[in-house]
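Asker: Supplied structure: my_file-v5.cif, mmCIF, C-alpha atoms.
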data_my_file
#
loop_
_atom_site.label_atom_id
_atom_site.label_comp_id
_atom_site.auth_asym_id
_atom_site.auth_seq_id
_atom_site.Cartn_x
_atom_site.Cartn_y
_atom_site.Cartn_z
CA MET A 5 3.36 11.61 18.86
CA ILE A 6 6.73 11.92 17.09
CA ASN A 7 7.55 15.19 15.35
CA ILE A 8 9.47 14.86 12.09
CA ASP A 9 11.59 17.66 10.65
CA ARG A 10 13.96 15.74 8.36
CA SER A 11 13.64 13.28 5.51
CA PRO A 12 14.88 9.70 6.05
CA LEU A 13 16.00 9.69 2.43
CA ASP A 14 18.28 12.68 2.03
CA ASN A 15 18.46 14.11 5.56
CA ASN A 16 17.15 17.38 4.16
CA SER A 17 14.86 19.73 5.98
CA LEU A 18 11.19 19.34 5.16
CA ILE A 19 8.79 22.06 4.06
CA PRO A 20 5.01 22.25 4.67
CA PHE A 21 2.92 20.67 1.91
CA LEU A 22 -0.65 20.59 3.29
CA GLU A 23 -2.74 19.66 6.32
CA CYS A 24 -5.17 16.73 6.43
CA LYS A 25 -7.77 15.42 8.82
CA ASP A 26 -8.08 11.82 10.00
CA HIS A 27 -11.60 11.09 8.70
CA THR A 28 -11.64 7.45 9.82
CA VAL A 29 -10.87 7.35 13.56
CA SER A 30 -9.68 10.37 15.51
CA ASN A 31 -10.67 13.54 13.56
CA GLU A 32 -7.20 14.87 14.43
CA ILE A 33 -5.35 17.21 12.08
CA PHE A 34 -1.94 16.18 10.72
CA SER A 35 0.62 18.01 8.62
CA ILE A 36 2.17 16.55 5.50
CA LEU A 37 5.73 17.70 4.92
CA LYS A 38 7.78 17.49 1.72
CA ASP A 39 11.40 16.76 0.95
CA GLU A 40 11.66 18.65 -2.34
CA LYS A 41 14.77 16.85 -3.58
CA SER A 42 13.40 13.31 -3.23
CA GLU A 43 9.69 14.24 -3.57
CA LEU A 44 8.90 12.08 -0.52
CA LEU A 45 6.01 13.35 1.63
CA ILE A 46 5.92 12.58 5.35
CA THR A 47 3.03 12.68 7.82
CA SER A 48 3.74 14.72 10.95
CA PRO A 49 3.44 14.28 13.82
CA ARG A 50 3.72 10.51 13.55
CA PRO A 51 2.11 8.33 16.23
CA GLU A 52 4.46 6.30 18.39
CA ILE A 53 4.77 2.76 17.00
CA LYS A 54 3.06 1.36 20.10
CA ASP A 55 0.07 3.65 19.47
CA LEU A 56 -0.34 3.12 15.72
CA HIS A 57 -2.83 0.25 16.15
CA LYS A 58 -5.35 2.66 17.70
CA TYR A 59 -5.77 4.42 14.36
CA TYR A 60 -6.83 1.16 12.69
CA GLU A 61 -9.53 0.30 15.22
CA SER A 62 -12.57 1.18 13.16
CA ASP A 63 -15.19 -0.70 11.19
CA GLN A 64 -14.55 1.86 8.44
CA TYR A 65 -11.09 0.40 7.89
CA ILE A 66 -12.41 -1.95 5.26
CA SER A 67 -9.28 -3.92 4.32
CA HIS A 68 -9.41 -5.61 7.73
CA THR A 69 -12.97 -6.91 7.26
CA ASP A 70 -15.06 -8.84 4.75
CA ALA A 71 -18.01 -6.48 5.23
CA LYS A 72 -20.52 -6.18 2.37
CA GLN A 73 -23.19 -3.99 3.96
CA SER A 74 -22.69 -0.38 2.87
CA LEU A 75 -22.34 0.94 -0.67
CA MET A 76 -18.64 1.53 -0.01
CA ASP A 77 -18.25 -2.07 1.23
CA LYS A 78 -19.89 -3.46 -1.89
CA VAL A 79 -17.84 -1.30 -4.25
CA TYR A 80 -14.64 -2.25 -2.43
CA GLN A 81 -15.38 -5.99 -2.55
CA LEU A 82 -16.39 -5.85 -6.22
CA VAL A 83 -13.22 -4.04 -7.23
CA LYS A 84 -11.10 -6.27 -4.98
CA ASN A 85 -12.37 -9.46 -6.63
CA TYR A 86 -11.60 -8.09 -10.09
CA THR A 87 -8.14 -6.82 -9.18
CA ILE A 88 -7.19 -10.12 -7.52
CA LYS A 89 -7.71 -11.85 -10.86
CA GLN A 90 -5.46 -9.26 -12.51
CA LYS A 91 -2.81 -9.74 -9.81
CA ILE A 92 -2.77 -13.50 -10.43
CA VAL A 93 -2.23 -12.87 -14.15
CA LEU A 94 0.68 -10.60 -13.22
CA ILE A 95 2.49 -12.99 -10.87
CA ASN A 96 1.96 -15.93 -13.21
CA SER A 97 3.80 -13.96 -15.90
CA PHE A 98 7.09 -14.15 -13.97
CA ASN A 99 9.65 -16.87 -14.58
CA THR A 100 10.08 -18.14 -11.01
CA GLU A 101 12.05 -21.00 -9.47
CA GLN A 102 9.63 -22.55 -6.97
CA LYS A 103 6.56 -20.27 -7.15
CA THR A 104 6.99 -18.93 -3.62
CA ILE A 105 5.23 -15.71 -2.69
CA LEU A 106 5.10 -13.59 0.46
CA ASP A 107 2.21 -11.14 0.64
CA ILE A 108 2.86 -8.40 3.20
CA GLY A 109 -0.26 -6.77 4.59
CA CYS A 110 -2.34 -9.72 3.41
CA GLY A 111 -5.48 -8.41 5.13
CA THR A 112 -8.26 -11.00 5.14
CA GLY A 113 -6.36 -13.34 2.83
CA ASP A 114 -8.28 -13.28 -0.44
CA PHE A 115 -5.20 -12.64 -2.58
CA LEU A 116 -3.20 -15.36 -0.81
CA LEU A 117 -6.06 -17.82 -1.27
CA ALA A 118 -6.15 -17.02 -5.00
CA CYS A 119 -2.37 -17.52 -5.17
CA LYS A 120 -2.67 -20.88 -3.40
CA ASN A 121 -5.41 -21.97 -5.81
CA ALA A 122 -3.11 -20.96 -8.69
CA GLY A 123 -0.38 -23.30 -7.46
CA TRP A 124 1.78 -20.93 -5.43
CA SER A 125 3.40 -21.70 -2.09
CA VAL A 126 2.17 -18.84 0.07
CA SER A 127 3.17 -16.99 3.22
CA GLY A 128 1.75 -13.80 4.65
CA ILE A 129 2.31 -10.95 7.07
CA GLU A 130 -0.62 -9.16 8.69
CA PRO A 131 -0.35 -7.10 11.91
CA ASN A 132 -4.10 -6.91 12.56
CA ILE A 133 -5.16 -9.93 14.61
CA LYS A 134 -8.75 -9.92 13.34
CA ALA A 135 -7.68 -9.85 9.68
CA ARG A 136 -5.00 -12.45 10.37
CA THR A 137 -7.65 -14.79 11.81
CA TYR A 138 -9.73 -14.44 8.62
CA THR A 139 -6.67 -15.34 6.53
CA LYS A 140 -5.81 -18.45 8.54
CA LYS A 141 -9.38 -19.72 8.27
CA LYS A 142 -9.44 -19.21 4.50
CA LEU A 143 -6.11 -20.92 3.87
CA PHE A 144 -6.91 -23.81 6.23
CA ASP A 145 -3.41 -25.25 6.12
CA SER A 146 -0.91 -25.30 8.96
CA ASN A 147 1.97 -25.38 6.44
CA GLU A 148 1.13 -21.84 5.34
CA LYS A 149 2.50 -19.39 7.87
CA ILE A 150 0.93 -16.03 8.61
CA PHE A 151 3.12 -13.74 10.71
CA ASP A 152 2.31 -10.52 12.52
CA ASN A 153 5.46 -8.70 11.34
CA ILE A 154 8.50 -9.12 9.12
CA GLU A 155 10.85 -9.64 12.09
CA ALA A 156 8.80 -12.64 13.25
CA LEU A 157 9.04 -14.16 9.77
CA MET A 158 12.81 -13.64 9.64
CA ASP A 159 13.26 -15.09 13.14
CA TYR A 160 11.12 -18.14 12.27
CA ASN A 161 13.29 -19.09 9.30
CA ILE A 162 16.42 -17.08 8.75
CA HIS A 163 16.93 -18.79 5.39
CA SER A 164 13.51 -17.86 3.95
CA LYS A 165 13.80 -16.47 0.42
CA TYR A 166 10.93 -15.69 -1.90
CA ASP A 167 10.46 -15.49 -5.66
CA ILE A 168 7.93 -12.71 -5.21
CA ILE A 169 7.24 -10.33 -2.35
CA SER A 170 4.08 -8.26 -2.77
CA LEU A 171 3.02 -5.18 -0.85
CA TRP A 172 -0.37 -4.00 -2.08
CA HIS A 173 -0.87 -0.57 -0.49
CA VAL A 174 1.39 -1.42 2.45
CA LEU A 175 4.64 0.54 2.13
CA GLU A 176 2.88 3.79 3.07
CA HIS A 177 2.03 2.25 6.48
CA VAL A 178 5.55 1.11 7.46
CA PRO A 179 7.11 3.11 10.35
CA ASN A 180 10.82 2.37 9.74
CA LEU A 181 10.90 2.78 5.99
CA GLU A 182 14.58 2.33 5.11
CA GLU A 183 15.05 -0.56 7.54
CA TYR A 184 11.96 -2.25 6.13
CA ILE A 185 13.18 -1.98 2.54
CA SER A 186 16.53 -3.41 3.62
CA ASN A 187 14.72 -6.41 5.17
CA LEU A 188 12.72 -6.93 1.98
CA LYS A 189 15.93 -7.28 0.02
CA LYS A 190 17.30 -9.80 2.53
CA ILE A 191 14.36 -12.19 2.03
CA LEU A 192 14.12 -11.84 -1.77
CA LYS A 193 15.79 -14.38 -4.04
CA PRO A 194 18.58 -12.89 -6.23
CA ASN A 195 16.36 -13.02 -9.31
CA GLY A 196 13.14 -12.36 -7.43
CA THR A 197 10.66 -9.53 -7.84
CA ILE A 198 9.21 -7.08 -5.34
CA ILE A 199 5.78 -5.72 -6.23
CA ILE A 200 4.93 -2.40 -4.60
CA ALA A 201 1.53 -0.73 -5.03
CA VAL A 202 1.11 2.73 -3.49
CA PRO A 203 -1.02 5.86 -4.01
CA ASN A 204 0.45 8.57 -6.20
CA TYR A 205 0.00 12.09 -4.83
CA LYS A 206 0.89 13.54 -8.25
CA SER A 207 -2.29 12.16 -9.81
CA PHE A 208 -5.10 14.41 -11.02
CA ASP A 209 -7.53 13.16 -8.35
CA ALA A 210 -4.99 13.97 -5.61
CA LYS A 211 -4.60 17.50 -6.92
CA TYR A 212 -8.35 17.90 -7.37
CA TYR A 213 -9.32 16.88 -3.84
CA GLU A 214 -6.19 18.27 -2.12
CA LYS A 215 -6.56 17.88 1.67
CA TYR A 216 -9.69 15.73 1.19
CA TRP A 217 -7.92 13.17 -0.99
CA ALA A 218 -8.73 9.88 0.73
CA ALA A 219 -5.39 8.26 -0.16
CA TYR A 220 -3.53 10.61 2.19
CA ASP A 221 -5.34 8.67 4.96
CA VAL A 222 -3.37 10.25 7.81
CA PRO A 223 -1.94 9.07 10.14
CA ARG A 224 -2.19 5.47 8.90
CA HIS A 225 -0.29 6.53 5.81
CA LEU A 226 3.04 7.72 7.18
CA TRP A 227 4.63 8.24 3.76
CA HIS A 228 3.33 9.51 0.42
CA PHE A 229 5.19 8.60 -2.75
CA SER A 230 5.93 9.81 -6.25
CA LYS A 231 7.71 7.79 -8.94
CA ARG A 232 10.95 9.59 -8.11
CA SER A 233 10.79 8.88 -4.39
CA ILE A 234 10.22 5.15 -4.99
CA GLN A 235 13.18 5.01 -7.38
CA LEU A 236 15.48 6.76 -4.90
CA LEU A 237 14.40 4.70 -1.89
CA PHE A 238 15.09 1.37 -3.58
CA ALA A 239 18.23 2.58 -5.34
CA LYS A 240 19.78 2.87 -1.87
CA GLU A 241 19.40 -0.93 -1.66
CA ASN A 242 20.78 -1.42 -5.17
CA MET A 243 17.35 -2.20 -6.59
CA LYS A 244 15.75 -0.83 -9.73
CA VAL A 245 12.20 -0.18 -10.90
CA VAL A 246 11.96 -2.29 -14.07
CA LYS A 247 8.31 -1.65 -14.84
CA THR A 248 5.47 0.60 -13.67
CA LEU A 249 1.80 -0.32 -14.08
CA PRO A 250 -1.40 1.65 -13.46
CA MET A 251 -4.18 0.82 -11.00
CA LYS A 252 -7.03 2.48 -12.88
CA PHE A 253 -9.86 1.47 -10.55
CA ASP A 254 -8.20 3.33 -7.68
CA ALA A 255 -9.03 6.69 -9.27
CA TYR A 256 -12.76 5.92 -9.00
CA TYR A 257 -12.70 4.30 -5.57
CA VAL A 258 -10.46 6.96 -4.00
CA SER A 259 -12.58 9.71 -5.58
CA LEU A 260 -15.71 8.17 -4.08
CA LEU A 261 -14.13 8.20 -0.62
CA SER A 262 -12.79 11.71 -1.17
CA GLU A 263 -16.27 12.98 -2.06
CA LYS A 264 -17.48 11.71 1.30
CA HIS A 265 -14.58 13.43 3.10
CA LYS A 266 -15.26 16.70 1.30
CA ASN A 267 -19.05 16.81 1.23
CA ASN A 268 -20.12 14.29 3.90
CA LYS A 269 -21.87 12.22 1.23
CA SER A 270 -20.92 9.85 -1.58
CA ASN A 271 -21.48 11.68 -4.86
CA LEU A 272 -21.20 8.83 -7.35
CA ILE A 273 -21.54 11.01 -10.43
CA ASN A 274 -18.84 13.50 -9.51
CA ALA A 275 -16.54 10.74 -8.22
CA ALA A 276 -16.91 8.89 -11.53
CA TRP A 277 -16.19 12.07 -13.47
CA VAL A 278 -13.06 12.89 -11.45
CA GLY A 279 -11.85 9.28 -11.70
CA PHE A 280 -12.39 9.31 -15.47
CA GLN A 281 -10.48 12.58 -15.86
CA SER A 282 -7.65 11.28 -13.69
CA ASN A 283 -7.19 8.17 -15.83
CA LEU A 284 -7.55 10.16 -19.06
CA LYS A 285 -4.87 12.68 -18.08
CA ALA A 286 -2.62 9.86 -16.84
CA LYS A 287 -2.49 8.36 -20.34
CA LYS A 288 0.03 11.10 -21.15
CA SER A 289 1.64 11.77 -17.77
CA PHE A 290 1.41 8.23 -16.34
CA GLU A 291 0.49 9.86 -13.03
CA TYR A 292 -2.30 7.42 -12.16
CA SER A 293 -4.07 7.53 -8.79
CA SER A 294 -2.09 4.47 -7.70
CA LEU A 295 0.89 2.80 -9.33
CA ILE A 296 2.38 -0.68 -9.22
CA TYR A 297 6.19 -0.82 -9.24
CA LEU A 298 8.07 -4.01 -10.19
CA LEU A 299 11.53 -3.99 -8.63
CA LYS A 300 14.59 -6.16 -9.25
CA ASN A 301 18.11 -6.37 -7.88
CA LEU A 302 20.65 -4.56 -10.03
CA LYS A 303 23.13 -6.94 -11.65
#
What is this file in structure tokens?

Answerer:
Amino acid sequence: MINIDRSPLDNNSLIPFLECKDHTVSNEIFSILKDEKSELLITSPRPEIKDLHKYYESDQYISHTDAKQSLMDKVYQLVKNYTIKQKIVLINSFNTEQKTILDIGCGTGDFLLACKNAGWSVSGIEPNIKARTYTKKKLFDSNEKIFDNIEALMDYNIHSKYDIISLWHVLEHVPNLEEYISNLKKILKPNGTIIIAVPNYKSFDAKYYEKYWAAYDVPRHLWHFSKRSIQLLFAKENMKVVKTLPMKFDAYYVSLLSEKHKNNKSNLINAAWVGFQSNLKAKKSFEYSSLIYLLKNLK
């Protein structure tokens, strides 16, 4: 494990925020520390990079499977299918040059397949070998490259540039955060768009469930973001948040998972009530359970 006592953003000392349990794999307890100036939260201690994969080795880690057996599986797949349609509407709204998209953390490939069917030239990055195999089978085209990390993609074609780079709930998993953001900028076209979707720890459901909030998901989530921390991180690369969008279904899904963490059972009624309250309160504060950030290079 790696102990963290400073923020990668401002080099300020961190203060305790709360402690969370890994409910998915290890049952270990982790601290979450806060840089008050930037509002960035950091999981501590962090696993060594070589050991991170161990915390993903579980059938409960649903984004790496196409499982449809449990109630949680079925809810996840239902919501995923709906949100993919919404994502396609979003990317089709951009004025792009060649309709090239790179999806980082592409999981089992459903979003990339939908992009391909919508006329996009697709590439993907997925570290998990099982999920990567699913993606390759779905795309069924040797011209579409799926890489295991961003360095492999950059080594394969140093001139690769994309109209859109999407990271749907991925940035929170990245070990070397500032270096990774710098690499994203290098492979984005000058007028391209980066789409970042991450949980928002300032949401009502996060405050309601506190240490049981499923979107903390330690230690797989190494970072925990607010709107301010995202703005500051990308400003260091001369990029700007041009639009922020809500992910309203996340409030319900995360609340359902959080109920299980807190009470060892899925209380659908209470999860629905908390999710509803979270979205209702966010109409004024815009602190939704998860947020989508659209980022552009500053002129």

Asker: Decode the PyMOL selection byres ((chain A and resi 213) around 12) for the given file into explicit residues and return them as an MDAnalysis selection string.

Answerer: chainID A and resid 22 24 205:212 214:220 255 258:267 274:275 278:279 282 293

Asker: At what distance in Å, to one decimal, does CA of Pro51 (chain A) lie from CA of Ser17 (chain A)?

Answerer: 19.9 Å

Asker: Please write the residues picked by the PyMOL selection byres ((chain A and resi 236-239) around 9) on this file as a list in words.

Answerer: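 This file, filtered by the PyMOL selection byres ((chain A and resi 236-239) around 9), leaves Leu13, Ser42, Leu181, Glu182, Ile185, Ser186, Lys231, Arg232, Ser233, Ile234, Gln235, Lys240, Glu241, Asn242, Met243, Lys244, Val245, Leu299 and Leu302 of chain A.
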
Asker: Give me, please, the distance in Å between CA of Phe280 (chain A) and CA of Asp26 (chain A), quoted to one decimal.

Answerer: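 Separating CA of Phe280 (chain A) from CA of Asp26 (chain A) is a distance of 26.0 Å.
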
Asker: Where does the PyMOL selection byres ((chain A and resi 30-36) around 9) land in this file, that is, which residues does it pick, as a VMD selection string?

Answerer: chain A and resid 19 to 29 37 to 38 45 to 50 59 220 222 to 223 227 to 228

Asker: Need to verify the contact set: Asn187 (chain A), 9 Å, all atoms listed in the file, exclusion of same-chain residues closer than 5 positions in sequence. Can you return it as a ChimeraX atom specification?

Answerer: /A:154-155,158,182,192

Asker: So that I can check the surroundings of Asp107 (chain A), please list as a PyMOL selection string every protein, DNA and RNA residue that reaches within 10 Å of it, counting all atoms listed in the file and ignoring chain neighbours fewer than 5 positions away.

Answerer: chain A and resi 113+115-116+119+126-130+150+168-172+174+199

Asker: Could you check how far CA of Thr197 (chain A) sits from CA of Thr248 (chain A), in Å to one decimal?

Answerer: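 For CA of Thr197 (chain A) relative to CA of Thr248 (chain A), the distance reads 12.8 Å.
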
Asker: Considering only C-alpha atoms, can you say which of A:Thr112, A:Ser164, A:Asn180, A:Asn301 comes closest to Lys141 (chain A)?

Answerer: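 With only C-alpha atoms as the atom set, the closest residue is A:Thr112.
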
Asker: Smallest atom-to-atom distance to Ile6 (chain A): which of A:Leu226, A:Lys252, A:Leu18, A:Ser294, using only C-alpha atoms?

Answerer: A:Leu226

Asker: For Glu61 (chain A), which residue among A:His225, A:Lys134, A:Lys103, A:Lys140 is the nearest when counting all atoms listed in the file?

Answerer: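 Among the listed residues, the smallest separation from Glu61 (chain A) belongs to A:Lys134.
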
Asker: Which residue gives the smallest distance to Pro131 (chain A) among A:Lys269, A:Leu188, A:Tyr60, A:Phe253, with only C-alpha atoms counted?

Answerer: A:Tyr60

Asker: Rank nothing, just name the residue among A:Ser270, A:Pro179, A:Ile198, A:Gly123 nearest to Ile53 (chain A), using all atoms listed in the file.

Answerer: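 Comparing A:Ser270, A:Pro179, A:Ile198, A:Gly123 against Ile53 (chain A), the winner is A:Pro179.
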
Asker: Got a minute to add N, CA and C atoms to region 220-234 of chain A and dump it as a JSON list (two decimals), in the coordinates of the input?

Answerer:
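Full text of part-v9.json as output:
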[["chain", "number", "residue", "atom", "x", "y", "z"],
["A", 220, "TYR", "N", -4.47, 10.10, 1.18],
["A", 220, "TYR", "CA", -3.53, 10.61, 2.19],
["A", 220, "TYR", "C", -3.73, 9.84, 3.50],
["A", 221, "ASP", "N", -4.96, 9.56, 3.85],
["A", 221, "ASP", "CA", -5.34, 8.67, 4.96],
["A", 221, "ASP", "C", -4.42, 8.80, 6.18],
["A", 222, "VAL", "N", -4.20, 10.02, 6.62],
["A", 222, "VAL", "CA", -3.37, 10.25, 7.81],
["A", 222, "VAL", "C", -4.11, 9.78, 9.07],
["A", 223, "PRO", "N", -3.38, 9.31, 10.10],
["A", 223, "PRO", "CA", -1.94, 9.07, 10.14],
["A", 223, "PRO", "C", -1.56, 7.63, 9.80],
["A", 224, "ARG", "N", -2.51, 6.85, 9.26],
["A", 224, "ARG", "CA", -2.19, 5.47, 8.90],
["A", 224, "ARG", "C", -1.17, 5.44, 7.77],
["A", 225, "HIS", "N", -1.30, 6.39, 6.85],
["A", 225, "HIS", "CA", -0.29, 6.53, 5.81],
["A", 225, "HIS", "C", 0.78, 7.49, 6.33],
["A", 226, "LEU", "N", 1.94, 6.94, 6.62],
["A", 226, "LEU", "CA", 3.04, 7.72, 7.18],
["A", 226, "LEU", "C", 3.88, 8.37, 6.09],
["A", 227, "TRP", "N", 3.83, 7.78, 4.90],
["A", 227, "TRP", "CA", 4.63, 8.24, 3.76],
["A", 227, "TRP", "C", 3.73, 8.37, 2.54],
["A", 228, "HIS", "N", 4.11, 9.28, 1.63],
["A", 228, "HIS", "CA", 3.33, 9.51, 0.42],
["A", 228, "HIS", "C", 4.33, 9.64, -0.72],
["A", 229, "PHE", "N", 4.13, 8.82, -1.77],
["A", 229, "PHE", "CA", 5.19, 8.60, -2.75],
["A", 229, "PHE", "C", 4.88, 9.18, -4.13],
["A", 230, "SER", "N", 5.95, 9.53, -4.81],
["A", 230, "SER", "CA", 5.93, 9.81, -6.25],
["A", 230, "SER", "C", 6.80, 8.74, -6.91],
["A", 231, "LYS", "N", 6.84, 8.75, -8.24],
["A", 231, "LYS", "CA", 7.71, 7.79, -8.94],
["A", 231, "LYS", "C", 9.17, 8.02, -8.58],
["A", 232, "ARG", "N", 9.56, 9.28, -8.45],
["A", 232, "ARG", "CA", 10.95, 9.59, -8.11],
["A", 232, "ARG", "C", 11.32, 9.09, -6.72],
["A", 233, "SER", "N", 10.45, 9.29, -5.75],
["A", 233, "SER", "CA", 10.79, 8.88, -4.39],
["A", 233, "SER", "C", 10.92, 7.36, -4.27],
["A", 234, "ILE", "N", 10.09, 6.62, -4.99],
["A", 234, "ILE", "CA", 10.22, 5.15, -4.99],
["A", 234, "ILE", "C", 11.56, 4.74, -5.60]]
